[in-house]
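Novice: Data: run-v9.pdb, PDB, C-alpha atoms, pLDDT in the B column.
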```
ATOM      1  CA  MET C   1      10.001   1.541  17.572  1.00 44.00           C
ATOM      2  CA  THR C   2      11.525  -1.693  16.364  1.00 50.00           C
ATOM      3  CA  SER C   3      14.731  -1.466  14.380  1.00 65.00           C
ATOM      4  CA  SER C   4      13.646  -3.919  11.704  1.00 92.00           C
ATOM      5  CA  LEU C   5      12.048  -3.350   8.354  1.00 96.00           C
ATOM      6  CA  ILE C   6      10.195  -6.662   8.535  1.00 96.00           C
ATOM      7  CA  PRO C   7       7.157  -5.352  10.513  1.00 97.00           C
ATOM      8  CA  PRO C   8       6.318  -2.566   8.004  1.00 98.00           C
ATOM      9  CA  MET C   9       6.818  -4.992   5.132  1.00 98.00           C
ATOM     10  CA  ALA C  10       4.493  -7.480   6.851  1.00 98.00           C
ATOM     11  CA  ALA C  11       1.976  -4.698   7.473  1.00 98.00           C
ATOM     12  CA  HIS C  12       1.856  -3.951   3.756  1.00 98.00           C
ATOM     13  CA  VAL C  13       1.350  -7.659   3.011  1.00 98.00           C
ATOM     14  CA  ALA C  14      -1.489  -7.641   5.577  1.00 98.00           C
ATOM     15  CA  LEU C  15      -3.055  -4.655   3.790  1.00 98.00           C
ATOM     16  CA  ALA C  16      -2.966  -6.551   0.495  1.00 98.00           C
ATOM     17  CA  ALA C  17      -4.509  -9.611   2.181  1.00 98.00           C
ATOM     18  CA  LEU C  18      -7.253  -7.431   3.674  1.00 98.00           C
ATOM     19  CA  LEU C  19      -7.971  -6.018   0.230  1.00 98.00           C
ATOM     20  CA  TYR C  20      -8.291  -9.558  -1.166  1.00 97.00           C
ATOM     21  CA  VAL C  21     -10.847 -10.312   1.549  1.00 96.00           C
ATOM     22  CA  ALA C  22     -12.721  -7.066   0.816  1.00 95.00           C
ATOM     23  CA  LEU C  23     -12.755  -7.863  -2.905  1.00 95.00           C
ATOM     24  CA  THR C  24     -14.095 -11.355  -2.211  1.00 92.00           C
ATOM     25  CA  VAL C  25     -16.871  -9.907  -0.040  1.00 88.00           C
ATOM     26  CA  ALA C  26     -17.680  -7.246  -2.657  1.00 90.00           C
ATOM     27  CA  ARG C  27     -17.941  -9.891  -5.385  1.00 86.00           C
ATOM     28  CA  ALA C  28     -19.888 -12.423  -3.280  1.00 80.00           C
ATOM     29  CA  PRO C  29     -23.377 -11.197  -4.283  1.00 67.00           C
ATOM     30  CA  ALA C  30     -22.574 -11.450  -7.992  1.00 70.00           C
ATOM     31  CA  VAL C  31     -20.504 -14.638  -7.848  1.00 65.00           C
ATOM     32  CA  TRP C  32     -22.218 -16.709  -5.153  1.00 63.00           C
ATOM     33  CA  GLY C  33     -25.491 -14.850  -4.621  1.00 62.00           C
ATOM     34  CA  ILE C  34     -24.524 -14.200  -0.990  1.00 70.00           C
ATOM     35  CA  GLY C  35     -25.550 -10.773   0.307  1.00 67.00           C
ATOM     36  CA  ARG C  36     -27.645  -9.683  -2.650  1.00 68.00           C
ATOM     37  CA  ALA C  37     -29.799  -6.613  -2.247  1.00 68.00           C
ATOM     38  CA  ARG C  38     -33.603  -7.015  -2.137  1.00 72.00           C
ATOM     39  CA  ASP C  39     -33.771  -6.253  -5.853  1.00 77.00           C
ATOM     40  CA  GLY C  40     -31.224  -9.026  -6.561  1.00 70.00           C
ATOM     41  CA  GLY C  41     -28.389  -6.604  -7.271  1.00 74.00           C
ATOM     42  CA  ASN C  42     -24.970  -6.319  -5.739  1.00 70.00           C
ATOM     43  CA  PRO C  43     -24.925  -3.707  -2.946  1.00 72.00           C
ATOM     44  CA  PHE C  44     -21.153  -3.415  -3.417  1.00 75.00           C
ATOM     45  CA  ALA C  45     -21.269  -2.874  -7.181  1.00 82.00           C
ATOM     46  CA  GLN C  46     -19.779   0.628  -6.951  1.00 89.00           C
ATOM     47  CA  LEU C  47     -17.021  -0.357  -4.505  1.00 91.00           C
ATOM     48  CA  GLU C  48     -15.918  -3.542  -6.268  1.00 92.00           C
ATOM     49  CA  PRO C  49     -14.023  -1.874  -9.149  1.00 94.00           C
ATOM     50  CA  ARG C  50     -12.384   0.576  -6.721  1.00 96.00           C
ATOM     51  CA  ILE C  51     -11.228  -2.241  -4.433  1.00 96.00           C
ATOM     52  CA  SER C  52      -9.974  -4.189  -7.441  1.00 96.00           C
ATOM     53  CA  ALA C  53      -8.044  -1.184  -8.763  1.00 96.00           C
ATOM     54  CA  ASN C  54      -6.541  -0.507  -5.342  1.00 97.00           C
ATOM     55  CA  LEU C  55      -5.492  -4.123  -4.942  1.00 97.00           C
ATOM     56  CA  SER C  56      -3.781  -3.913  -8.322  1.00 96.00           C
ATOM     57  CA  ASN C  57      -2.002  -0.750  -7.129  1.00 95.00           C
ATOM     58  CA  GLN C  58      -0.454  -2.766  -4.282  1.00 96.00           C
ATOM     59  CA  PHE C  59       1.728  -4.543  -6.850  1.00 95.00           C
ATOM     60  CA  GLU C  60       3.005  -1.451  -8.634  1.00 95.00           C
ATOM     61  CA  TRP C  61       4.916   1.238  -6.695  1.00 96.00           C
ATOM     62  CA  PRO C  62       5.086  -0.913  -3.513  1.00 97.00           C
ATOM     63  CA  LEU C  63       7.373  -3.310  -5.385  1.00 97.00           C
ATOM     64  CA  PHE C  64      10.093  -0.665  -5.102  1.00 98.00           C
ATOM     65  CA  PHE C  65       9.380  -0.389  -1.362  1.00 98.00           C
ATOM     66  CA  HIS C  66       9.873  -4.109  -0.768  1.00 98.00           C
ATOM     67  CA  VAL C  67      13.009  -4.297  -2.909  1.00 98.00           C
ATOM     68  CA  ALA C  68      14.531  -1.314  -1.089  1.00 97.00           C
ATOM     69  CA  CYS C  69      13.685  -2.842   2.295  1.00 97.00           C
ATOM     70  CA  VAL C  70      15.255  -6.187   1.420  1.00 96.00           C
ATOM     71  CA  LEU C  71      18.419  -4.496   0.150  1.00 95.00           C
ATOM     72  CA  LEU C  72      18.591  -2.258   3.224  1.00 95.00           C
ATOM     73  CA  LEU C  73      18.185  -5.315   5.453  1.00 94.00           C
ATOM     74  CA  MET C  74      21.006  -7.034   3.579  1.00 92.00           C
ATOM     75  CA  GLN C  75      23.217  -3.986   4.173  1.00 90.00           C
ATOM     76  CA  GLY C  76      22.239  -3.811   7.820  1.00 89.00           C
ATOM     77  CA  THR C  77      20.877  -0.305   7.318  1.00 86.00           C
ATOM     78  CA  THR C  78      17.834  -0.391   9.580  1.00 86.00           C
ATOM     79  CA  GLY C  79      18.180   2.668  11.766  1.00 89.00           C
ATOM     80  CA  SER C  80      15.154   4.361  13.250  1.00 91.00           C
ATOM     81  CA  TRP C  81      15.072   6.962  10.457  1.00 92.00           C
ATOM     82  CA  VAL C  82      14.869   4.217   7.810  1.00 95.00           C
ATOM     83  CA  VAL C  83      12.260   2.260   9.755  1.00 97.00           C
ATOM     84  CA  GLY C  84      10.280   5.490  10.180  1.00 97.00           C
ATOM     85  CA  LEU C  85      10.273   5.995   6.403  1.00 97.00           C
ATOM     86  CA  ALA C  86       9.023   2.433   5.960  1.00 98.00           C
ATOM     87  CA  TRP C  87       6.174   3.003   8.402  1.00 98.00           C
ATOM     88  CA  LEU C  88       5.371   6.310   6.688  1.00 98.00           C
ATOM     89  CA  PHE C  89       5.052   4.384   3.429  1.00 98.00           C
ATOM     90  CA  VAL C  90       2.694   1.847   5.028  1.00 98.00           C
ATOM     91  CA  ALA C  91       0.554   4.574   6.619  1.00 97.00           C
ATOM     92  CA  GLY C  92       0.410   6.311   3.255  1.00 97.00           C
ATOM     93  CA  ARG C  93      -0.672   3.070   1.546  1.00 98.00           C
ATOM     94  CA  VAL C  94      -3.470   2.595   4.075  1.00 98.00           C
ATOM     95  CA  LEU C  95      -4.656   6.177   3.538  1.00 97.00           C
ATOM     96  CA  HIS C  96      -4.327   5.770  -0.233  1.00 96.00           C
ATOM     97  CA  SER C  97      -6.481   2.635  -0.086  1.00 97.00           C
ATOM     98  CA  LEU C  98      -9.164   4.349   1.979  1.00 97.00           C
ATOM     99  CA  VAL C  99      -9.249   7.356  -0.330  1.00 97.00           C
ATOM    100  CA  GLN C 100      -9.279   5.314  -3.543  1.00 96.00           C
ATOM    101  CA  ILE C 101     -12.045   3.019  -2.324  1.00 96.00           C
ATOM    102  CA  PHE C 102     -14.314   5.434  -0.446  1.00 95.00           C
ATOM    103  CA  ILE C 103     -13.604   8.990  -1.684  1.00 95.00           C
ATOM    104  CA  PRO C 104     -13.736   9.614  -5.437  1.00 86.00           C
ATOM    105  CA  SER C 105     -11.234  12.477  -5.376  1.00 92.00           C
ATOM    106  CA  LEU C 106      -8.268  12.165  -7.712  1.00 92.00           C
ATOM    107  CA  ARG C 107      -6.705  15.287  -6.217  1.00 95.00           C
ATOM    108  CA  LEU C 108      -6.778  13.882  -2.660  1.00 96.00           C
ATOM    109  CA  ARG C 109      -5.634  10.475  -3.884  1.00 94.00           C
ATOM    110  CA  GLY C 110      -2.711  12.114  -5.669  1.00 95.00           C
ATOM    111  CA  LEU C 111      -1.711  14.005  -2.537  1.00 95.00           C
ATOM    112  CA  VAL C 112      -1.809  10.851  -0.434  1.00 94.00           C
ATOM    113  CA  PHE C 113       0.137   8.926  -3.079  1.00 95.00           C
ATOM    114  CA  THR C 114       2.844  11.575  -2.922  1.00 96.00           C
ATOM    115  CA  VAL C 115       3.576  10.487   0.668  1.00 95.00           C
ATOM    116  CA  ASN C 116       4.159   6.906  -0.519  1.00 94.00           C
ATOM    117  CA  PHE C 117       6.182   8.056  -3.488  1.00 97.00           C
ATOM    118  CA  LEU C 118       8.511  10.280  -1.463  1.00 98.00           C
ATOM    119  CA  ALA C 119       8.973   7.694   1.306  1.00 98.00           C
ATOM    120  CA  VAL C 120      10.145   5.099  -1.210  1.00 98.00           C
ATOM    121  CA  LEU C 121      12.395   7.574  -2.976  1.00 98.00           C
ATOM    122  CA  ALA C 122      13.938   8.449   0.395  1.00 97.00           C
ATOM    123  CA  LEU C 123      14.532   4.748   1.140  1.00 97.00           C
ATOM    124  CA  TRP C 124      16.277   4.394  -2.202  1.00 96.00           C
ATOM    125  CA  ALA C 125      18.319   7.523  -1.509  1.00 95.00           C
ATOM    126  CA  VAL C 126      19.491   5.939   1.753  1.00 93.00           C
ATOM    127  CA  LEU C 127      20.282   2.759  -0.137  1.00 92.00           C
ATOM    128  CA  VAL C 128      22.351   4.304  -2.917  1.00 91.00           C
ATOM    129  CA  THR C 129      23.934   7.255  -1.119  1.00 88.00           C
ATOM    130  CA  PRO C 130      26.554   6.314   1.482  1.00 72.00           C
ATOM    131  CA  VAL C 131      26.387   9.794   3.054  1.00 60.00           C
ATOM    132  CA  VAL C 132      22.666   9.368   3.808  1.00 54.00           C
ATOM    133  CA  ARG C 133      23.110   6.024   5.602  1.00 53.00           C
ATOM    134  CA  LEU C 134      22.306   6.908   9.178  1.00 54.00           C
ATOM    135  CA  HIS C 135      22.353   4.031  11.665  1.00 51.00           C
TER     136      HIS C 135
END
```
Now, as a test, write the supplied structure out as structure tokens.

Specialist:
Amino acid sequence: MTSSLIPPMAAHVALAALLYVALTVARAPAVWGIGRARDGGNPFAQLEPRISANLSNQFEWPLFFHVACVLLLMQGTTGSWVVGLAWLFVAGRVLHSLVQIFIPSLRLRGLVFTVNFLAVLALWAVLVTPVVRLH
């Protein structure tokens, strides 16, 4: 495992970019007429609002992830435990995206979000608590 927080941060940026691509594809039938169903409708009509909502979510709680990572990098606090928390956050975001887009279960989505939430809180705990700073 690398000892830098940059790869998990870049992975989250890549997830957001992938969601932009997915949203563009989902809107293509309505916007450009590309990929319309035989009846002229958008075959992605049900997924489009879910993708859009998930993309919007990538600029809410993840903001605290990126800020914590930058501050931890500035402090030089990038031990394997911290990097592991960052990767846990990214894995949780990927799962959260899949659940929000493809599985209409608020309960499951909430459980998956909890992983992201706790990982970021743990990163902030490392950041603000000198005792927790493990290198």

Novice: How big is the axis-aligned box, and where does its centre sit, when it encloses all atoms of segment 10-15 of chain C listed in the file and has 3 Å added on every side, reported in Å to one decimal as AutoDock Vina command-line options?

Specialist:
```
--center_x 0.7 --center_y -5.8 --center_z 5.2 --size_x 13.5 --size_y 9.7 --size_z 10.5
```

Novice: Just say which residues the PyMOL selection byres ((chain C and resi 27) around 8) picks in this file, as a ChimeraX atom specification.

Specialist: /C:23-26,28-31,42,44-45,48

Novice: Running the PyMOL selection byres ((chain C and resi 77-93) around 7) on this model by hand, what would come out? Give it as a ChimeraX atom specification.

Specialist: /C:3-5,8,12,72-73,75-76,94-97,112-113,115-116,119-120,123,133-135

Novice: Give me, as a PyMOL selection string, all polymer residues having an atom no more than 10 Å from Gln46 of chain C, counting only C-alpha atoms and skipping those fewer than 5 positions away in the same chain.

Specialist: chain C and resi 26+51+101-102

Novice: Go ahead and compute the interatomic distance for atom CA of Gln58 of chain C and atom CA of Leu71 of chain C, in Å to one decimal.

Specialist: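 So the two atoms, atom CA of Gln58 of chain C and atom CA of Leu71 of chain C, lie 19.5 Å apart.
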
Novice: Find the distance between atom CA of Leu19 of chain C and atom CA of Asn54 of chain C and write it in Å to one decimal.

Specialist: 8.0 Å

Novice: What does the distance from atom CA of Ala122 of chain C to atom CA of Phe59 of chain C come to in Å, to one decimal?

Specialist: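 Separating atom CA of Ala122 of chain C from atom CA of Phe59 of chain C is a distance of 19.2 Å.
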
Novice: Just checking: using only C-alpha atoms, which residue out of C:Leu15, C:Ile34, C:Met74, C:Ile103 ends up closest to Leu55 of chain C?

Specialist: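 Among the listed residues, the smallest separation from Leu55 of chain C belongs to C:Leu15.
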
Novice: Between C:Ala125, C:Ser52, C:Ile6, C:Leu106, which residue has the minimum interatomic distance to Leu18 of chain C, considering only C-alpha atoms?

Specialist: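 Residue with the minimum atom-to-atom distance to Leu18 of chain C: C:Ser52.
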